[in-house]
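Text of final_36.cif, listed as mmCIF, C-alpha atoms and all ligand atoms:
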```cif
data_run
#
loop_
_atom_site.group_PDB
_atom_site.id
_atom_site.type_symbol
_atom_site.label_atom_id
_atom_site.label_comp_id
_atom_site.auth_asym_id
_atom_site.auth_seq_id
_atom_site.Cartn_x
_atom_site.Cartn_y
_atom_site.Cartn_z
ATOM 1 C CA MET A 14 0.000 0.000 0.000
ATOM 2 C CA ASP A 15 3.047 2.251 0.047
ATOM 3 C CA ARG A 16 3.545 2.340 -3.750
ATOM 4 C CA LEU A 17 2.779 5.980 -4.516
ATOM 5 C CA ILE A 18 0.923 7.253 -7.558
ATOM 6 C CA ASP A 19 1.204 10.764 -8.914
ATOM 7 C CA LEU A 20 -2.105 12.261 -10.001
ATOM 8 C CA PRO A 21 -2.144 14.310 -13.221
ATOM 9 C CA PRO A 22 -2.467 18.071 -12.444
ATOM 10 C CA SER A 23 -6.042 18.074 -13.821
ATOM 11 C CA TYR A 24 -7.148 16.085 -10.732
ATOM 12 C CA MET A 25 -5.933 18.808 -8.398
ATOM 13 C CA GLU A 26 -7.587 21.465 -10.590
ATOM 14 C CA ASP A 27 -10.869 19.508 -10.625
ATOM 15 C CA PHE A 28 -10.753 19.034 -6.852
ATOM 16 C CA GLU A 29 -10.154 22.743 -6.316
ATOM 17 C CA ARG A 30 -12.984 23.674 -8.721
ATOM 18 C CA LYS A 31 -15.598 21.011 -7.912
ATOM 19 C CA GLY A 32 -14.714 19.925 -4.355
ATOM 20 C CA HIS A 33 -14.557 16.251 -5.329
ATOM 21 C CA ILE A 34 -12.849 13.834 -7.719
ATOM 22 C CA CYS A 35 -12.725 10.107 -8.446
ATOM 23 C CA VAL A 36 -9.476 8.137 -8.668
ATOM 24 C CA ARG A 37 -10.018 4.831 -10.440
ATOM 25 C CA GLY A 38 -7.961 1.807 -9.376
ATOM 26 C CA LEU A 39 -6.398 3.500 -6.354
ATOM 27 C CA ALA A 40 -6.252 0.113 -4.630
ATOM 28 C CA THR A 41 -5.677 -2.948 -6.815
ATOM 29 C CA PRO A 42 -8.154 -5.865 -6.971
ATOM 30 C CA GLU A 43 -5.531 -7.992 -5.177
ATOM 31 C CA GLU A 44 -5.222 -5.460 -2.362
ATOM 32 C CA ILE A 45 -8.994 -5.309 -1.927
ATOM 33 C CA LEU A 46 -9.169 -9.112 -1.883
ATOM 34 C CA HIS A 47 -6.496 -9.141 0.811
ATOM 35 C CA TYR A 48 -7.931 -6.408 3.066
ATOM 36 C CA ARG A 49 -11.698 -6.773 2.623
ATOM 37 C CA PRO A 50 -12.161 -9.739 5.015
ATOM 38 C CA ALA A 51 -10.376 -7.950 7.896
ATOM 39 C CA ILE A 52 -12.255 -4.707 7.268
ATOM 40 C CA GLU A 53 -15.631 -6.486 7.159
ATOM 41 C CA LYS A 54 -14.885 -8.652 10.197
ATOM 42 C CA THR A 55 -13.694 -5.660 12.242
ATOM 43 C CA ALA A 56 -16.721 -3.625 11.187
ATOM 44 C CA HIS A 57 -19.022 -6.510 12.109
ATOM 45 C CA GLU A 58 -17.420 -6.917 15.554
ATOM 46 C CA GLY A 59 -17.559 -3.171 16.204
ATOM 47 C CA ARG A 60 -21.232 -2.815 15.389
ATOM 48 C CA TYR A 61 -23.196 -1.478 18.369
ATOM 49 C CA ASP A 62 -26.675 -0.814 16.923
ATOM 50 C CA HIS A 63 -28.386 -4.172 16.402
ATOM 51 C CA ARG A 64 -31.938 -2.869 15.927
ATOM 52 C CA PRO A 65 -33.673 -4.039 12.754
ATOM 53 C CA LEU A 66 -33.711 -1.507 9.900
ATOM 54 C CA GLU A 67 -37.362 -0.592 10.356
ATOM 55 C CA GLU A 68 -36.782 0.534 13.968
ATOM 56 C CA ARG A 69 -34.020 3.005 13.045
ATOM 57 C CA ASP A 70 -34.253 6.648 11.966
ATOM 58 C CA THR A 71 -33.132 7.864 8.535
ATOM 59 C CA TYR A 72 -29.495 8.226 9.614
ATOM 60 C CA GLY A 73 -29.530 4.738 11.160
ATOM 61 C CA LYS A 74 -31.056 3.233 8.029
ATOM 62 C CA ALA A 75 -28.427 4.835 5.747
ATOM 63 C CA PHE A 76 -25.529 2.718 6.967
ATOM 64 C CA VAL A 77 -23.987 0.811 9.847
ATOM 65 C CA GLN A 78 -21.104 2.993 10.962
ATOM 66 C CA VAL A 79 -18.026 1.740 12.833
ATOM 67 C CA HIS A 80 -15.161 4.123 13.556
ATOM 68 C CA ASN A 81 -11.403 3.881 13.790
ATOM 69 C CA LEU A 82 -10.882 0.396 12.456
ATOM 70 C CA TRP A 83 -7.154 1.196 12.589
ATOM 71 C CA GLN A 84 -7.258 0.961 16.377
ATOM 72 C CA ARG A 85 -9.207 -2.293 16.371
ATOM 73 C CA ASN A 86 -7.240 -4.511 13.982
ATOM 74 C CA SER A 87 -3.642 -4.471 12.690
ATOM 75 C CA THR A 88 -4.592 -5.435 9.108
ATOM 76 C CA CYS A 89 -7.079 -2.557 8.981
ATOM 77 C CA LYS A 90 -4.344 -0.319 10.382
ATOM 78 C CA SER A 91 -1.984 -1.102 7.522
ATOM 79 C CA PHE A 92 -4.807 -0.335 5.041
ATOM 80 C CA VAL A 93 -5.749 2.974 6.673
ATOM 81 C CA PHE A 94 -2.070 3.932 7.026
ATOM 82 C CA SER A 95 -1.466 3.394 3.294
ATOM 83 C CA LYS A 96 1.000 6.039 2.131
ATOM 84 C CA ARG A 97 -0.602 5.856 -1.333
ATOM 85 C CA PHE A 98 -3.970 7.093 -0.051
ATOM 86 C CA ALA A 99 -2.414 9.741 2.201
ATOM 87 C CA HIS A 100 -0.170 10.998 -0.603
ATOM 88 C CA VAL A 101 -3.230 11.504 -2.836
ATOM 89 C CA ALA A 102 -4.929 13.388 0.014
ATOM 90 C CA ALA A 103 -1.845 15.609 0.489
ATOM 91 C CA SER A 104 -1.703 16.325 -3.258
ATOM 92 C CA LEU A 105 -5.387 17.306 -3.333
ATOM 93 C CA LEU A 106 -5.000 19.578 -0.313
ATOM 94 C CA GLY A 107 -1.795 21.029 -1.782
ATOM 95 C CA VAL A 108 0.219 20.261 1.359
ATOM 96 C CA ASP A 109 3.347 18.227 2.142
ATOM 97 C CA ARG A 110 2.019 16.398 5.194
ATOM 98 C CA VAL A 111 -1.340 14.924 6.228
ATOM 99 C CA ARG A 112 -2.690 13.317 9.380
ATOM 100 C CA LEU A 113 -5.584 10.994 10.080
ATOM 101 C CA TYR A 114 -8.733 12.587 11.491
ATOM 102 C CA HIS A 115 -10.526 9.235 11.703
ATOM 103 C CA ASP A 116 -11.590 6.317 9.539
ATOM 104 C CA GLN A 117 -14.940 4.581 9.365
ATOM 105 C CA SER A 118 -16.660 1.604 7.806
ATOM 106 C CA LEU A 119 -20.009 2.518 6.213
ATOM 107 C CA LEU A 120 -21.984 -0.601 5.458
ATOM 108 C CA LYS A 121 -25.190 0.118 3.578
ATOM 109 C CA GLU A 122 -27.246 -2.998 4.234
ATOM 110 C CA PRO A 123 -29.540 -4.714 1.707
ATOM 111 C CA ASN A 124 -32.597 -2.422 1.497
ATOM 112 C CA GLY A 125 -30.644 0.204 3.451
ATOM 113 C CA GLY A 126 -32.013 3.723 3.143
ATOM 114 C CA TYR A 127 -30.729 6.805 1.363
ATOM 115 C CA THR A 128 -27.905 8.909 2.783
ATOM 116 C CA PRO A 129 -29.375 12.417 3.118
ATOM 117 C CA TRP A 130 -27.629 15.493 1.736
ATOM 118 C CA HIS A 131 -25.166 16.789 4.321
ATOM 119 C CA GLN A 132 -21.822 18.506 4.894
ATOM 120 C CA ASP A 133 -19.199 16.590 6.866
ATOM 121 C CA GLN A 134 -17.557 19.680 8.283
ATOM 122 C CA THR A 135 -20.721 20.465 10.237
ATOM 123 C CA TYR A 136 -19.384 17.821 12.643
ATOM 124 C CA TRP A 137 -15.741 18.904 12.699
ATOM 125 C CA PRO A 138 -14.218 21.631 14.931
ATOM 126 C CA LEU A 139 -11.420 22.190 12.422
ATOM 127 C CA GLU A 140 -10.185 25.099 10.330
ATOM 128 C CA ASP A 141 -11.879 25.322 6.926
ATOM 129 C CA GLY A 142 -10.406 23.885 3.765
ATOM 130 C CA LYS A 143 -7.970 21.494 5.438
ATOM 131 C CA THR A 144 -9.756 18.159 5.155
ATOM 132 C CA VAL A 145 -10.498 15.590 2.505
ATOM 133 C CA THR A 146 -12.473 12.355 2.805
ATOM 134 C CA MET A 147 -11.596 9.268 0.794
ATOM 135 C CA TRP A 148 -14.648 7.048 0.115
ATOM 136 C CA MET A 149 -13.650 3.617 -1.201
ATOM 137 C CA PRO A 150 -16.091 0.781 -1.970
ATOM 138 C CA LEU A 151 -14.950 -2.785 -1.372
ATOM 139 C CA THR A 152 -17.584 -4.094 -3.772
ATOM 140 C CA GLU A 153 -18.925 -3.192 -7.240
ATOM 141 C CA ILE A 154 -20.961 -0.013 -7.077
ATOM 142 C CA THR A 155 -23.918 -0.251 -9.430
ATOM 143 C CA ALA A 156 -26.712 2.276 -9.938
ATOM 144 C CA ASP A 157 -28.955 0.494 -7.442
ATOM 145 C CA ILE A 158 -26.586 -0.054 -4.482
ATOM 146 C CA GLY A 159 -25.930 3.454 -3.159
ATOM 147 C CA SER A 160 -23.415 5.514 -5.099
ATOM 148 C CA MET A 161 -22.351 9.005 -4.075
ATOM 149 C CA TYR A 162 -23.578 12.318 -5.551
ATOM 150 C CA PHE A 163 -21.842 15.663 -5.118
ATOM 151 C CA ILE A 164 -22.755 19.287 -5.794
ATOM 152 C CA ASN A 165 -20.039 20.828 -7.944
ATOM 153 C CA GLY A 166 -18.390 23.829 -6.337
ATOM 154 C CA SER A 167 -20.481 23.665 -3.149
ATOM 155 C CA HIS A 168 -17.342 23.441 -0.970
ATOM 156 C CA LYS A 169 -16.717 27.118 -1.732
ATOM 157 C CA SER A 170 -19.961 28.166 -0.014
ATOM 158 C CA GLY A 171 -18.930 27.011 3.470
ATOM 159 C CA SER A 172 -21.734 25.968 5.791
ATOM 160 C CA VAL A 173 -25.239 26.077 4.328
ATOM 161 C CA ASP A 174 -26.640 25.665 7.860
ATOM 162 C CA ALA A 175 -28.515 22.465 7.149
ATOM 163 C CA GLY A 176 -27.569 20.829 10.456
ATOM 164 C CA LEU A 177 -26.677 17.216 11.077
ATOM 165 C CA ILE A 178 -27.470 14.434 8.627
ATOM 166 C CA SER A 179 -31.230 13.803 8.613
ATOM 167 C CA ASP A 180 -34.381 14.173 6.523
ATOM 168 C CA ASP A 181 -34.240 17.837 7.537
ATOM 169 C CA SER A 182 -30.696 18.387 6.205
ATOM 170 C CA HIS A 183 -31.803 16.663 2.997
ATOM 171 C CA ARG A 184 -34.785 18.968 2.599
ATOM 172 C CA LYS A 185 -32.845 22.132 3.402
ATOM 173 C CA ILE A 186 -29.963 21.271 1.075
ATOM 174 C CA SER A 187 -32.318 20.217 -1.757
ATOM 175 C CA GLN A 188 -33.924 23.671 -1.494
ATOM 176 C CA TRP A 189 -30.497 25.356 -1.357
ATOM 177 C CA VAL A 190 -29.352 23.453 -4.460
ATOM 178 C CA ASN A 191 -32.550 24.262 -6.365
ATOM 179 C CA LYS A 192 -31.981 27.965 -5.741
ATOM 180 C CA SER A 193 -28.306 27.780 -6.697
ATOM 181 C CA SER A 194 -26.905 27.371 -10.190
ATOM 182 C CA LEU A 195 -24.677 24.499 -9.090
ATOM 183 C CA SER A 196 -24.919 21.080 -10.745
ATOM 184 C CA GLU A 197 -24.972 17.562 -9.311
ATOM 185 C CA GLU A 198 -22.425 14.940 -10.336
ATOM 186 C CA THR A 199 -21.973 11.225 -9.707
ATOM 187 C CA TYR A 200 -19.213 8.931 -10.920
ATOM 188 C CA GLY A 201 -21.617 6.140 -11.803
ATOM 189 C CA PRO A 202 -20.457 2.558 -11.551
ATOM 190 C CA MET A 203 -17.325 2.067 -9.460
ATOM 191 C CA ALA A 204 -15.089 -0.956 -8.994
ATOM 192 C CA PRO A 205 -13.733 -2.103 -5.645
ATOM 193 C CA GLY A 206 -10.590 -0.026 -5.023
ATOM 194 C CA ASP A 207 -11.810 3.031 -6.963
ATOM 195 C CA ALA A 208 -12.181 6.001 -4.646
ATOM 196 C CA THR A 209 -13.882 9.358 -4.516
ATOM 197 C CA PHE A 210 -12.412 12.252 -2.521
ATOM 198 C CA HIS A 211 -14.483 15.178 -1.258
ATOM 199 C CA ALA A 212 -13.759 18.343 0.690
ATOM 200 C CA GLY A 213 -15.150 19.085 4.149
ATOM 201 C CA TRP A 214 -17.938 21.420 2.979
ATOM 202 C CA THR A 215 -18.846 19.597 -0.261
ATOM 203 C CA LEU A 216 -22.564 18.793 -0.330
ATOM 204 C CA HIS A 217 -23.041 15.067 -0.881
ATOM 205 C CA ARG A 218 -25.583 12.276 -0.585
ATOM 206 C CA ALA A 219 -25.971 8.613 -1.602
ATOM 207 C CA ASP A 220 -28.813 6.559 -3.011
ATOM 208 C CA PRO A 221 -30.517 3.754 -1.071
ATOM 209 C CA ASN A 222 -29.376 0.167 -1.511
ATOM 210 C CA LEU A 223 -32.125 -1.469 -3.568
ATOM 211 C CA THR A 224 -30.217 -4.748 -3.902
ATOM 212 C CA SER A 225 -30.039 -7.820 -1.703
ATOM 213 C CA LYS A 226 -26.265 -7.370 -1.318
ATOM 214 C CA PRO A 227 -24.492 -5.281 1.311
ATOM 215 C CA ARG A 228 -22.460 -2.231 0.219
ATOM 216 C CA PRO A 229 -19.219 -2.253 2.236
ATOM 217 C CA VAL A 230 -17.316 1.044 2.048
ATOM 218 C CA ILE A 231 -14.375 2.379 4.007
ATOM 219 C CA THR A 232 -13.740 6.074 4.382
ATOM 220 C CA ILE A 233 -10.587 7.776 5.608
ATOM 221 C CA ILE A 234 -10.671 11.418 6.626
ATOM 222 C CA PHE A 235 -7.361 13.227 6.208
ATOM 223 C CA VAL A 236 -6.440 16.570 7.712
ATOM 224 C CA ALA A 237 -3.502 18.771 6.685
ATOM 225 C CA ASP A 238 -0.685 18.711 9.225
ATOM 226 C CA GLY A 239 -0.651 21.982 11.170
ATOM 227 C CA THR A 240 -4.458 22.376 11.090
ATOM 228 C CA ARG A 241 -5.812 24.018 14.220
ATOM 229 C CA ILE A 242 -8.845 23.088 16.255
ATOM 230 C CA VAL A 243 -11.482 25.846 16.346
ATOM 231 C CA ASN A 244 -14.072 26.641 19.013
ATOM 232 C CA PRO A 245 -16.701 23.957 18.532
ATOM 233 C CA THR A 246 -20.313 24.707 17.723
ATOM 234 C CA PRO A 247 -22.681 22.597 19.882
ATOM 235 C CA LYS A 248 -22.869 20.129 16.978
ATOM 236 C CA GLN A 249 -19.071 19.747 17.058
ATOM 237 C CA ASP A 250 -18.658 19.036 20.796
ATOM 238 C CA PHE A 251 -18.840 15.298 20.237
ATOM 239 C CA ASP A 252 -16.011 15.283 17.699
ATOM 240 C CA LEU A 253 -13.848 17.505 19.918
ATOM 241 C CA LYS A 254 -14.179 14.990 22.750
ATOM 242 C CA ILE A 255 -13.822 11.823 20.685
ATOM 243 C CA TRP A 256 -11.428 12.299 17.746
ATOM 244 C CA LEU A 257 -8.785 14.759 18.862
ATOM 245 C CA GLY A 258 -7.104 12.984 21.779
ATOM 246 C CA GLY A 259 -7.914 15.706 24.326
ATOM 247 C CA LYS A 260 -6.480 18.583 22.268
ATOM 248 C CA GLN A 261 -8.309 21.879 22.683
ATOM 249 C CA PRO A 262 -9.386 24.830 20.495
ATOM 250 C CA GLY A 263 -6.351 26.796 19.336
ATOM 251 C CA GLU A 264 -4.114 23.721 19.428
ATOM 252 C CA GLN A 265 -2.975 21.756 16.403
ATOM 253 C CA VAL A 266 -4.475 18.399 15.434
ATOM 254 C CA ASP A 267 -1.458 16.319 16.448
ATOM 255 C CA SER A 268 -2.429 13.933 19.249
ATOM 256 C CA PRO A 269 -1.608 10.205 18.995
ATOM 257 C CA MET A 270 -5.245 9.795 17.820
ATOM 258 C CA ASN A 271 -4.281 11.744 14.703
ATOM 259 C CA PRO A 272 -1.048 10.159 13.470
ATOM 260 C CA LEU A 273 0.950 11.566 10.583
ATOM 261 C CA LEU A 274 0.137 9.375 7.561
ATOM 262 C CA TYR A 275 2.258 11.116 4.937
ATOM 263 C CA PRO A 276 5.187 11.370 4.552
HETATM 264 O O1 LIG B 301 -21.546 6.094 2.106
HETATM 265 C C1 LIG B 301 -22.487 6.877 2.224
HETATM 266 O O2 LIG B 301 -23.647 6.513 2.019
HETATM 267 C C2 LIG B 301 -22.231 8.295 2.614
HETATM 268 C C3 LIG B 301 -20.801 8.595 2.879
HETATM 269 C C4 LIG B 301 -20.516 9.965 3.370
HETATM 270 O O3 LIG B 301 -21.399 10.756 3.569
HETATM 271 C C5 LIG B 301 -19.138 10.350 3.614
HETATM 272 O O4 LIG B 301 -18.216 9.530 3.455
HETATM 273 O O5 LIG B 301 -18.897 11.521 3.977
#
```
Could the structure of this file be written out as structure tokens, please?
Ligand SMILES: O=C(O)CCC(=O)C(=O)O
Amino acid sequence: MDRLIDLPPSYMEDFERKGHICVRGLATPEEILHYRPAIEKTAHEGRYDHRPLEERDTYGKAFVQVHNLWQRNSTCKSFVFSKRFAHVAASLLGVDRVRLYHDQSLLKEPNGGYTPWHQDQTYWPLEDGKTVTMWMPLTEITADIGSMYFINGSHKSGSVDAGLISDDSHRKISQWVNKSSLSEETYGPMAPGDATFHAGWTLHRADPNLTSKPRPVITIIFVADGTRIVNPTPKQDFDLKIWLGGKQPGEQVDSPMNPLLYP
């Protein structure tokens, strides 16, 4: 996972302009075959919400979420600590060094619900413009299993005040998008090991899983080295307590919870 790839400059330009890109074949089929069992097993063991789908709210129906696989399993750690992924993140952010904010497994179950429109940075007490999320499926992404959609250029608008991920954020952002002149984009079918990258404020959503197969995805959130923690909004208190190893507003994101991943 440490074999680096250099993205053509157009990727960095597209990321700057649109707030998202797709890198095909970032992990090889062999690498996915090797790592997928450990990622799925660790995600399964870490699952804490065992309620049936119909008893969960919209957020709960969208995916089963398990965080920081890197701390739970050494094979997952070597996947998350891939220098190849972190180097792409550094290139997109235009920085020399990136750290881990956190990783997560997002399993959209068979018949799992839609992922409402939202902005990740609503949750993060971090300086603007310093984060990028890698979203990598471990299975074929077809039109009916829950692919991602992005609003081009929306990262430049900052917060659209839609709140946390919910039917309400979906409604508010749909209205915001309808009033804007910004367009929606999806990368269509994806192979295991392809990856999308999106910025902290990029508006994004995913379709429901209409198939009888699960949709295993791993995401890794990278943050530029040197990024400072900002005063949290009430919605960001949780992240301040959980993902930053006790660091406080004004300090840099550099606790052992946020290891340097590149170089
Ligand atoms: O996988 C999904 O359905 C949504 C993922 C997402 O919102 C994210 O990675 O930020």
Between region 55-131 of chain A and region 265-275 of chain A, at 7 Å or less, what are the per-residue closest atom pairs and their distances in Å? Count all atoms listed in the file, order by chain and rising residue number, and return it as JSON lines.
```
{"residue": "A:Phe94", "atom": "CA", "partner": "A:Leu274", "partner_atom": "CA", "distance": 5.9}
{"residue": "A:Lys96", "atom": "CA", "partner": "A:Tyr275", "partner_atom": "CA", "distance": 5.9}
{"residue": "A:Ala99", "atom": "CA", "partner": "A:Tyr275", "partner_atom": "CA", "distance": 5.6}
{"residue": "A:His100", "atom": "CA", "partner": "A:Tyr275", "partner_atom": "CA", "distance": 6.0}
{"residue": "A:Arg110", "atom": "CA", "partner": "A:Tyr275", "partner_atom": "CA", "distance": 5.3}
{"residue": "A:Val111", "atom": "CA", "partner": "A:Tyr275", "partner_atom": "CA", "distance": 5.4}
{"residue": "A:Arg112", "atom": "CA", "partner": "A:Leu273", "partner_atom": "CA", "distance": 4.2}
{"residue": "A:Leu113", "atom": "CA", "partner": "A:Asn271", "partner_atom": "CA", "distance": 4.9}
{"residue": "A:Tyr114", "atom": "CA", "partner": "A:Asn271", "partner_atom": "CA", "distance": 5.6}
```
Once the PyMOL selection byres (((chain A and resi 164-172) around 6) and not hetatm) is applied to the coordinates I shared, what remains selected? I want it as a PDB file with C-alpha atoms, in the frame of the given file.
```pdb
ATOM      1  CA  ARG A  30     -12.984  23.674  -8.721  1.00  0.00           C
ATOM      2  CA  LYS A  31     -15.598  21.011  -7.912  1.00  0.00           C
ATOM      3  CA  GLY A  32     -14.714  19.925  -4.355  1.00  0.00           C
ATOM      4  CA  PHE A 163     -21.842  15.663  -5.118  1.00  0.00           C
ATOM      5  CA  VAL A 173     -25.239  26.077   4.328  1.00  0.00           C
ATOM      6  CA  ASP A 174     -26.640  25.665   7.860  1.00  0.00           C
ATOM      7  CA  SER A 196     -24.919  21.080 -10.745  1.00  0.00           C
ATOM      8  CA  GLU A 197     -24.972  17.562  -9.311  1.00  0.00           C
ATOM      9  CA  TRP A 214     -17.938  21.420   2.979  1.00  0.00           C
ATOM     10  CA  THR A 215     -18.846  19.597  -0.261  1.00  0.00           C
ATOM     11  CA  LEU A 216     -22.564  18.793  -0.330  1.00  0.00           C
TER      12      LEU A 216
END
```
Build an axis-aligned box that encloses every atom of ligand LIG 301 (chain B) listed in the file, pad it by 3 Å on each side, and report its centre and edge lengths in Å to one decimal, as lines of an AutoDock Vina configuration file.
```
center_x = -20.9
center_y = 8.8
center_z = 3.0
size_x = 11.4
size_y = 11.4
size_z = 8.0
```
Which value, in Å to one decimal, gives the distance between CA of Gln132 (chain A) and CA of Arg49 (chain A)?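 Between CA of Gln132 (chain A) and CA of Arg49 (chain A) the gap works out to 27.3 Å.
Each of A:Pro42, A:Pro221, A:Pro21, A:Gly239 was compared to ligand LIG 301 (chain B) using all atoms listed in the file, and A:Pro221 turns out to be the nearest.
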